[in-house]
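Q: Below you'll find entry_1.txt; it's compact mmCIF, C-alpha atoms.
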```
# COMPACT_ATOMS: atom_id res chain seq x y z
CA MET A 1 30.10 -77.97 43.73
CA ARG A 2 31.37 -74.79 42.09
CA CYS A 3 34.92 -74.84 40.73
CA TYR A 4 37.06 -72.54 38.65
CA LEU A 5 39.41 -73.24 35.74
CA PHE A 6 42.13 -70.64 35.28
CA THR A 7 44.18 -70.56 32.09
CA LEU A 8 47.55 -68.99 32.92
CA ASP A 9 50.20 -67.20 30.91
CA ASP A 10 53.98 -67.56 31.21
CA CYS A 11 54.02 -65.12 34.14
CA VAL A 12 51.28 -67.09 35.96
CA ARG A 13 48.70 -64.38 35.36
CA THR A 14 45.17 -65.35 34.50
CA LEU A 15 44.37 -65.29 30.79
CA ASN A 16 40.92 -66.77 31.20
CA ALA A 17 38.72 -67.83 34.10
CA GLN A 18 35.82 -70.21 33.77
CA GLU A 19 33.30 -71.06 36.47
CA VAL A 20 32.02 -74.64 36.30
CA ASP A 21 29.56 -76.66 38.33
CA CYS A 22 30.80 -80.18 39.08
CA ARG A 23 29.47 -83.13 41.00
CA ASN A 24 32.79 -83.62 42.79
CA ALA A 25 36.48 -82.71 42.78
CA GLU A 26 37.32 -85.60 40.45
CA GLU A 27 35.04 -84.19 37.74
CA ALA A 28 36.63 -80.74 38.18
CA LEU A 29 40.09 -82.27 37.76
CA GLN A 30 38.99 -84.08 34.60
CA LEU A 31 37.66 -80.82 33.15
CA GLY A 32 40.90 -79.03 34.05
CA SER A 33 43.02 -81.75 32.48
CA ALA A 34 40.94 -81.64 29.30
CA ALA A 35 41.19 -77.82 29.11
CA VAL A 36 44.98 -77.78 28.80
CA ALA A 37 46.11 -76.72 25.33
CA SER A 38 49.23 -74.57 25.05
CA ASP A 39 48.91 -72.88 28.46
CA PRO A 40 48.83 -74.21 32.02
CA VAL A 41 45.43 -74.61 33.71
CA GLU A 42 44.74 -74.42 37.43
CA VAL A 43 41.63 -75.89 39.00
CA SER A 44 40.38 -74.42 42.26
CA ARG A 45 37.45 -74.72 44.57
CA GLY A 46 37.01 -71.33 46.18
CA PRO A 47 40.37 -70.23 47.58
CA ARG A 48 41.74 -73.81 47.55
CA ARG A 49 43.79 -74.89 44.54
CA LEU A 50 43.02 -78.49 43.63
CA ALA A 51 45.56 -79.00 40.83
CA ARG A 52 47.65 -77.45 38.11
CA PHE A 53 47.96 -79.03 34.68
CA GLU A 54 50.83 -78.23 32.33
CA PRO A 55 50.76 -78.68 28.55
CA LYS A 56 52.66 -81.78 27.41
CA GLN A 57 54.95 -79.72 25.19
CA ARG A 58 55.76 -76.07 25.50
CA GLN A 59 55.13 -74.63 22.08
CA GLU A 60 56.27 -71.34 20.68
CA ARG A 61 53.37 -68.96 20.88
CA PRO A 62 51.63 -68.36 17.56
CA LEU A 63 51.89 -64.80 16.29
CA SER A 64 48.12 -64.36 16.65
CA ARG A 65 48.39 -65.28 20.34
CA LEU A 66 51.20 -62.77 20.86
CA ARG A 67 49.08 -60.09 19.22
CA GLU A 68 46.16 -60.96 21.51
CA ARG A 69 48.45 -60.67 24.53
CA LEU A 70 49.69 -57.32 23.21
CA ILE A 71 46.10 -56.07 23.00
CA VAL A 72 45.53 -57.13 26.62
CA ALA A 73 48.77 -55.42 27.68
CA GLU A 74 47.70 -52.19 25.95
CA ARG A 75 44.31 -52.39 27.69
CA ARG A 76 46.02 -52.83 31.06
CA LEU A 77 48.15 -49.78 30.36
CA ARG A 78 45.09 -47.66 29.55
CA GLU A 79 43.31 -48.91 32.67
CA GLY A 80 46.43 -48.22 34.73
CA GLU A 81 46.60 -44.65 33.42
CA ARG A 82 42.94 -44.18 34.30
CA HIS A 83 43.50 -45.54 37.84
CA ILE A 84 46.53 -43.31 38.37
CA SER A 85 44.58 -40.23 37.23
CA GLN A 86 41.69 -41.15 39.49
CA GLN A 87 44.03 -41.60 42.46
CA GLU A 88 45.66 -38.23 41.75
CA ARG A 89 42.19 -36.64 41.87
CA VAL A 90 41.54 -38.37 45.21
CA ILE A 91 44.81 -36.98 46.56
CA ALA A 92 43.96 -33.47 45.35
CA GLN A 93 40.56 -33.71 47.07
CA LEU A 94 42.17 -34.93 50.30
CA LYS A 95 44.63 -32.04 50.16
CA ARG A 96 41.80 -29.55 49.75
CA GLU A 97 40.11 -31.10 52.79
CA ARG A 98 43.44 -31.03 54.70
CA ARG A 99 43.22 -34.76 55.42
CA ASP A 100 45.96 -37.35 55.89
CA LEU A 101 47.51 -38.37 52.55
CA ALA A 102 49.68 -41.30 53.65
CA LEU A 103 47.41 -44.11 52.50
CA ALA A 104 46.37 -42.34 49.30
CA LEU A 105 50.02 -41.71 48.38
CA SER A 106 50.88 -45.33 49.13
CA VAL A 107 48.12 -46.49 46.79
CA LEU A 108 49.42 -44.12 44.10
CA ASP A 109 52.94 -45.54 44.49
CA THR A 110 51.57 -49.07 44.08
CA LEU A 111 49.63 -48.07 40.97
CA ILE A 112 52.73 -46.47 39.46
CA GLU A 113 54.82 -49.60 40.15
CA ALA A 114 52.15 -51.77 38.52
CA GLN A 115 52.12 -49.44 35.53
CA LYS A 116 55.88 -49.84 35.16
CA ALA A 117 55.45 -53.63 35.11
CA TYR A 118 52.71 -53.33 32.48
CA LEU A 119 55.01 -51.14 30.37
CA GLN A 120 57.78 -53.73 30.58
CA GLU A 121 55.41 -56.50 29.60
CA ARG A 122 54.09 -54.49 26.65
CA ASP A 123 57.62 -53.65 25.49
CA LEU A 124 58.65 -57.33 25.58
CA LEU A 125 55.56 -58.31 23.62
CA VAL A 126 56.25 -55.60 21.02
CA VAL A 127 59.77 -56.99 20.56
CA ASP A 128 58.43 -60.55 20.18
CA VAL A 129 55.74 -59.50 17.69
CA THR A 130 58.23 -57.44 15.69
CA LYS A 131 60.73 -60.32 15.52
CA ARG A 132 58.10 -62.81 14.47
CA SER A 133 56.38 -60.47 11.99
CA GLY A 134 59.29 -59.32 10.19
```
If you convert what's in this file into structure tokens, what do you get?
A:
Amino acid sequence: MRCYLFTLDDCVRTLNAQEVDCRNAEEALQLGSAAVASDPVEVSRGPRRLARFEPKQRQERPLSRLRERLIVAERRLREGERHISQQERVIAQLKRERRDLALALSVLDTLIEAQKAYLQERDLLVVDVTKRSG
């Protein structure tokens, strides 16, 4: 049986995903329970969530962990910029071909909103790292 262990951040986004082969759901739950450190872990089998395990004590994130999260946030921002540019090129091509732009513009709006969220996350992480560093 194939299961997945998802380590989650404070915003319930996936920090890490691990695919595991288990004999049964009980073994998957034991692996998920053992994987909990300072972040919650969810165990799923395909689209079905089997369980969520929380750390016993919420600890303040170590500075190294905040820096790692900041690196991920910066990567998401770069990827978001690349996706927005790519979508703008798609829109330009559709305009040249005189095709309907409604869906392409909707996708661009969604990408821009996601980028705003990534910017907010990055800014909050920068504040946290600055406070803790200095």
Q: In Å, how far is it from atom CA of Gln115 of chain A to atom CA of Val43 of chain A?
A: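 Straight-line distance from atom CA of Gln115 of chain A to atom CA of Val43 of chain A works out to 28.7 Å.
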Q: Residues near Tyr118 of chain A, anyone? I mean within 8 Å using all atoms listed in the file, not counting same-chain ones fewer than 4 positions away, as a list of chain:residue names.
A: A:Ala73, A:Arg76, A:Leu77, A:Ala114, A:Arg122
Q: Write out as an mmCIF file with C-alpha atoms, in the coordinates of the input the residues lying within 12 Å of Pro55 of chain A, counting all atoms listed in the file and excluding same-chain residues fewer than 2 positions away.
A:
```
data_model
loop_
_atom_site.group_PDB
_atom_site.id
_atom_site.type_symbol
_atom_site.label_atom_id
_atom_site.label_comp_id
_atom_site.auth_asym_id
_atom_site.auth_seq_id
_atom_site.Cartn_x
_atom_site.Cartn_y
_atom_site.Cartn_z
ATOM 1 C CA THR A 7 44.180 -70.560 32.090
ATOM 2 C CA LEU A 8 47.550 -68.990 32.920
ATOM 3 C CA ASP A 9 50.200 -67.200 30.910
ATOM 4 C CA ASP A 10 53.980 -67.560 31.210
ATOM 5 C CA GLY A 32 40.900 -79.030 34.050
ATOM 6 C CA SER A 33 43.020 -81.750 32.480
ATOM 7 C CA ALA A 34 40.940 -81.640 29.300
ATOM 8 C CA ALA A 35 41.190 -77.820 29.110
ATOM 9 C CA VAL A 36 44.980 -77.780 28.800
ATOM 10 C CA ALA A 37 46.110 -76.720 25.330
ATOM 11 C CA SER A 38 49.230 -74.570 25.050
ATOM 12 C CA ASP A 39 48.910 -72.880 28.460
ATOM 13 C CA PRO A 40 48.830 -74.210 32.020
ATOM 14 C CA VAL A 41 45.430 -74.610 33.710
ATOM 15 C CA GLU A 42 44.740 -74.420 37.430
ATOM 16 C CA ARG A 52 47.650 -77.450 38.110
ATOM 17 C CA PHE A 53 47.960 -79.030 34.680
ATOM 18 C CA GLN A 57 54.950 -79.720 25.190
ATOM 19 C CA ARG A 58 55.760 -76.070 25.500
ATOM 20 C CA GLN A 59 55.130 -74.630 22.080
#
```
Q: How many Å separate atom CA of Ala17 of chain A from atom CA of Gly80 of chain A?
A: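 One can read the atom CA of Ala17 of chain A to atom CA of Gly80 of chain A distance as 21.1 Å.
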Q: Quick one: axis-aligned box around all listed atoms of segment 101-107 of chain A, 6 Å on every side, centre and edge lengths in Å to one decimal, written as JSON.
A:
```
{"center_x": 48.6, "center_y": -42.4, "center_z": 50.2, "size_x": 16.5, "size_y": 20.1, "size_z": 18.9}
```
Q: Considering only C-alpha atoms, can you say which of A:Ser64, A:Ser44, A:Gln120, A:Ser85 comes closest to Ala28 of chain A?
A: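 Closest to Ala28 of chain A of all the choices is A:Ser44.
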Q: Please indicate the distance in Å from atom CA of Thr110 of chain A to atom CA of Arg48 of chain A, rounded to one decimal place.
A: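 A separation of 26.8 Å between them.
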Q: May I ask which of the residues A:Leu66, A:Val12, A:Gln18, A:Glu79 is the closest one to Glu54 of chain A, counting all atoms listed in the file?
A: A:Val12
Q: (35.9, -73.7, 41.6) in this file's frame - what residues fall within 8 Å of it? Use only C-alpha atoms and give the answer as number ranges by chain.
A: A: 1-5, 19-21, 28, 43-46
Q: Residues as selected, C-alpha atoms, written as a PDB file, in the frame of the given file, can you do that?
A:
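Written out: result_2.pdb:
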```
ATOM      1  CA  MET A   1      30.100 -77.970  43.730  1.00  0.00           C
ATOM      2  CA  ARG A   2      31.370 -74.790  42.090  1.00  0.00           C
ATOM      3  CA  CYS A   3      34.920 -74.840  40.730  1.00  0.00           C
ATOM      4  CA  TYR A   4      37.060 -72.540  38.650  1.00  0.00           C
ATOM      5  CA  LEU A   5      39.410 -73.240  35.740  1.00  0.00           C
ATOM      6  CA  GLU A  19      33.300 -71.060  36.470  1.00  0.00           C
ATOM      7  CA  VAL A  20      32.020 -74.640  36.300  1.00  0.00           C
ATOM      8  CA  ASP A  21      29.560 -76.660  38.330  1.00  0.00           C
ATOM      9  CA  ALA A  28      36.630 -80.740  38.180  1.00  0.00           C
ATOM     10  CA  VAL A  43      41.630 -75.890  39.000  1.00  0.00           C
ATOM     11  CA  SER A  44      40.380 -74.420  42.260  1.00  0.00           C
ATOM     12  CA  ARG A  45      37.450 -74.720  44.570  1.00  0.00           C
ATOM     13  CA  GLY A  46      37.010 -71.330  46.180  1.00  0.00           C
TER      14      GLY A  46
END
```
Q: Check the smallest atom-to-atom distance from each of A:Leu111, A:Leu29, A:Leu50, A:Val129 to Ile71 of chain A using all atoms listed in the file, then report the winner.
A: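 That would be A:Val129, the residue with the smallest distance to Ile71 of chain A.
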Q: Identify which of the residues A:Ala102, A:Val107, A:Glu68, A:Arg96 lies closest to His83 of chain A, counting all atoms listed in the file when measuring atom-to-atom distances.
A: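 The shortest atom-to-atom distance to His83 of chain A comes from A:Val107.
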Q: Some atoms are absent from segment 15-39 of chain A, so rebuild N, CA, C and O atoms and return them as a PDB file, in the frame of the given file.
A:
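Contents of selection_25.pdb, freshly written:
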```pdb
ATOM      1  N   LEU A  15      44.802 -65.670  32.134  1.00  0.00           N
ATOM      2  CA  LEU A  15      44.370 -65.290  30.790  1.00  0.00           C
ATOM      3  C   LEU A  15      42.863 -65.443  30.650  1.00  0.00           C
ATOM      4  O   LEU A  15      42.216 -64.678  29.954  1.00  0.00           O
ATOM      5  N   ASN A  16      42.340 -66.471  31.312  1.00  0.00           N
ATOM      6  CA  ASN A  16      40.920 -66.770  31.200  1.00  0.00           C
ATOM      7  C   ASN A  16      40.476 -67.470  32.482  1.00  0.00           C
ATOM      8  O   ASN A  16      41.220 -68.266  33.043  1.00  0.00           O
ATOM      9  N   ALA A  17      39.288 -67.161  32.928  1.00  0.00           N
ATOM     10  CA  ALA A  17      38.720 -67.830  34.100  1.00  0.00           C
ATOM     11  C   ALA A  17      37.350 -68.354  33.709  1.00  0.00           C
ATOM     12  O   ALA A  17      36.571 -67.662  33.063  1.00  0.00           O
ATOM     13  N   GLN A  18      37.090 -69.586  34.098  1.00  0.00           N
ATOM     14  CA  GLN A  18      35.820 -70.210  33.770  1.00  0.00           C
ATOM     15  C   GLN A  18      35.234 -70.829  35.036  1.00  0.00           C
ATOM     16  O   GLN A  18      35.901 -71.594  35.727  1.00  0.00           O
ATOM     17  N   GLU A  19      33.999 -70.504  35.317  1.00  0.00           N
ATOM     18  CA  GLU A  19      33.300 -71.060  36.470  1.00  0.00           C
ATOM     19  C   GLU A  19      32.532 -72.286  35.993  1.00  0.00           C
ATOM     20  O   GLU A  19      31.825 -72.234  34.988  1.00  0.00           O
ATOM     21  N   VAL A  20      32.705 -73.404  36.690  1.00  0.00           N
ATOM     22  CA  VAL A  20      32.020 -74.640  36.300  1.00  0.00           C
ATOM     23  C   VAL A  20      31.357 -75.270  37.520  1.00  0.00           C
ATOM     24  O   VAL A  20      31.861 -75.170  38.628  1.00  0.00           O
ATOM     25  N   ASP A  21      30.228 -75.896  37.271  1.00  0.00           N
ATOM     26  CA  ASP A  21      29.560 -76.660  38.330  1.00  0.00           C
ATOM     27  C   ASP A  21      29.878 -78.128  38.114  1.00  0.00           C
ATOM     28  O   ASP A  21      29.715 -78.658  37.011  1.00  0.00           O
ATOM     29  N   CYS A  22      30.379 -78.780  39.153  1.00  0.00           N
ATOM     30  CA  CYS A  22      30.800 -80.180  39.080  1.00  0.00           C
ATOM     31  C   CYS A  22      30.121 -80.973  40.183  1.00  0.00           C
ATOM     32  O   CYS A  22      29.748 -80.421  41.215  1.00  0.00           O
ATOM     33  N   ARG A  23      30.021 -82.259  39.961  1.00  0.00           N
ATOM     34  CA  ARG A  23      29.470 -83.130  41.000  1.00  0.00           C
ATOM     35  C   ARG A  23      30.459 -83.338  42.132  1.00  0.00           C
ATOM     36  O   ARG A  23      30.081 -83.485  43.283  1.00  0.00           O
ATOM     37  N   ASN A  24      31.771 -83.370  41.775  1.00  0.00           N
ATOM     38  CA  ASN A  24      32.790 -83.620  42.790  1.00  0.00           C
ATOM     39  C   ASN A  24      34.136 -83.105  42.293  1.00  0.00           C
ATOM     40  O   ASN A  24      34.253 -82.638  41.149  1.00  0.00           O
ATOM     41  N   ALA A  25      35.151 -83.202  43.140  1.00  0.00           N
ATOM     42  CA  ALA A  25      36.480 -82.710  42.780  1.00  0.00           C
ATOM     43  C   ALA A  25      37.076 -83.488  41.615  1.00  0.00           C
ATOM     44  O   ALA A  25      37.769 -82.923  40.768  1.00  0.00           O
ATOM     45  N   GLU A  26      36.784 -84.776  41.536  1.00  0.00           N
ATOM     46  CA  GLU A  26      37.320 -85.600  40.450  1.00  0.00           C
ATOM     47  C   GLU A  26      36.835 -85.092  39.090  1.00  0.00           C
ATOM     48  O   GLU A  26      37.615 -84.997  38.142  1.00  0.00           O
ATOM     49  N   GLU A  27      35.576 -84.725  39.001  1.00  0.00           N
ATOM     50  CA  GLU A  27      35.040 -84.190  37.740  1.00  0.00           C
ATOM     51  C   GLU A  27      35.714 -82.864  37.402  1.00  0.00           C
ATOM     52  O   GLU A  27      36.049 -82.594  36.249  1.00  0.00           O
ATOM     53  N   ALA A  28      35.945 -82.021  38.409  1.00  0.00           N
ATOM     54  CA  ALA A  28      36.630 -80.740  38.180  1.00  0.00           C
ATOM     55  C   ALA A  28      38.037 -80.977  37.657  1.00  0.00           C
ATOM     56  O   ALA A  28      38.489 -80.284  36.741  1.00  0.00           O
ATOM     57  N   LEU A  29      38.726 -81.957  38.219  1.00  0.00           N
ATOM     58  CA  LEU A  29      40.090 -82.270  37.760  1.00  0.00           C
ATOM     59  C   LEU A  29      40.082 -82.796  36.330  1.00  0.00           C
ATOM     60  O   LEU A  29      40.964 -82.476  35.539  1.00  0.00           O
ATOM     61  N   GLN A  30      39.091 -83.589  35.971  1.00  0.00           N
ATOM     62  CA  GLN A  30      38.990 -84.080  34.600  1.00  0.00           C
ATOM     63  C   GLN A  30      38.758 -82.935  33.626  1.00  0.00           C
ATOM     64  O   GLN A  30      39.374 -82.880  32.564  1.00  0.00           O
ATOM     65  N   LEU A  31      37.904 -81.987  34.001  1.00  0.00           N
ATOM     66  CA  LEU A  31      37.660 -80.820  33.150  1.00  0.00           C
ATOM     67  C   LEU A  31      38.927 -79.976  32.996  1.00  0.00           C
ATOM     68  O   LEU A  31      39.244 -79.497  31.916  1.00  0.00           O
ATOM     69  N   GLY A  32      39.649 -79.801  34.099  1.00  0.00           N
ATOM     70  CA  GLY A  32      40.900 -79.030  34.050  1.00  0.00           C
ATOM     71  C   GLY A  32      41.926 -79.693  33.174  1.00  0.00           C
ATOM     72  O   GLY A  32      42.589 -79.042  32.364  1.00  0.00           O
ATOM     73  N   SER A  33      42.067 -81.002  33.296  1.00  0.00           N
ATOM     74  CA  SER A  33      43.020 -81.750  32.480  1.00  0.00           C
ATOM     75  C   SER A  33      42.670 -81.645  31.000  1.00  0.00           C
ATOM     76  O   SER A  33      43.541 -81.472  30.146  1.00  0.00           O
ATOM     77  N   ALA A  34      41.391 -81.713  30.697  1.00  0.00           N
ATOM     78  CA  ALA A  34      40.940 -81.640  29.300  1.00  0.00           C
ATOM     79  C   ALA A  34      41.093 -80.230  28.728  1.00  0.00           C
ATOM     80  O   ALA A  34      41.209 -80.066  27.508  1.00  0.00           O
ATOM     81  N   ALA A  35      41.119 -79.209  29.581  1.00  0.00           N
ATOM     82  CA  ALA A  35      41.190 -77.820  29.110  1.00  0.00           C
ATOM     83  C   ALA A  35      42.596 -77.393  28.725  1.00  0.00           C
ATOM     84  O   ALA A  35      42.779 -76.354  28.096  1.00  0.00           O
ATOM     85  N   VAL A  36      43.604 -78.167  29.088  1.00  0.00           N
ATOM     86  CA  VAL A  36      44.980 -77.780  28.800  1.00  0.00           C
ATOM     87  C   VAL A  36      45.228 -77.849  27.301  1.00  0.00           C
ATOM     88  O   VAL A  36      44.989 -78.868  26.666  1.00  0.00           O
ATOM     89  N   ALA A  37      45.707 -76.748  26.746  1.00  0.00           N
ATOM     90  CA  ALA A  37      46.110 -76.720  25.330  1.00  0.00           C
ATOM     91  C   ALA A  37      47.578 -76.308  25.305  1.00  0.00           C
ATOM     92  O   ALA A  37      48.446 -77.135  25.522  1.00  0.00           O
ATOM     93  N   SER A  38      47.838 -75.039  25.080  1.00  0.00           N
ATOM     94  CA  SER A  38      49.230 -74.570  25.050  1.00  0.00           C
ATOM     95  C   SER A  38      49.607 -73.807  26.308  1.00  0.00           C
ATOM     96  O   SER A  38      50.747 -73.393  26.457  1.00  0.00           O
ATOM     97  N   ASP A  39      48.654 -73.621  27.224  1.00  0.00           N
ATOM     98  CA  ASP A  39      48.910 -72.880  28.460  1.00  0.00           C
ATOM     99  C   ASP A  39      48.522 -73.727  29.663  1.00  0.00           C
ATOM    100  O   ASP A  39      47.622 -74.556  29.581  1.00  0.00           O
TER     101      ASP A  39
END
```
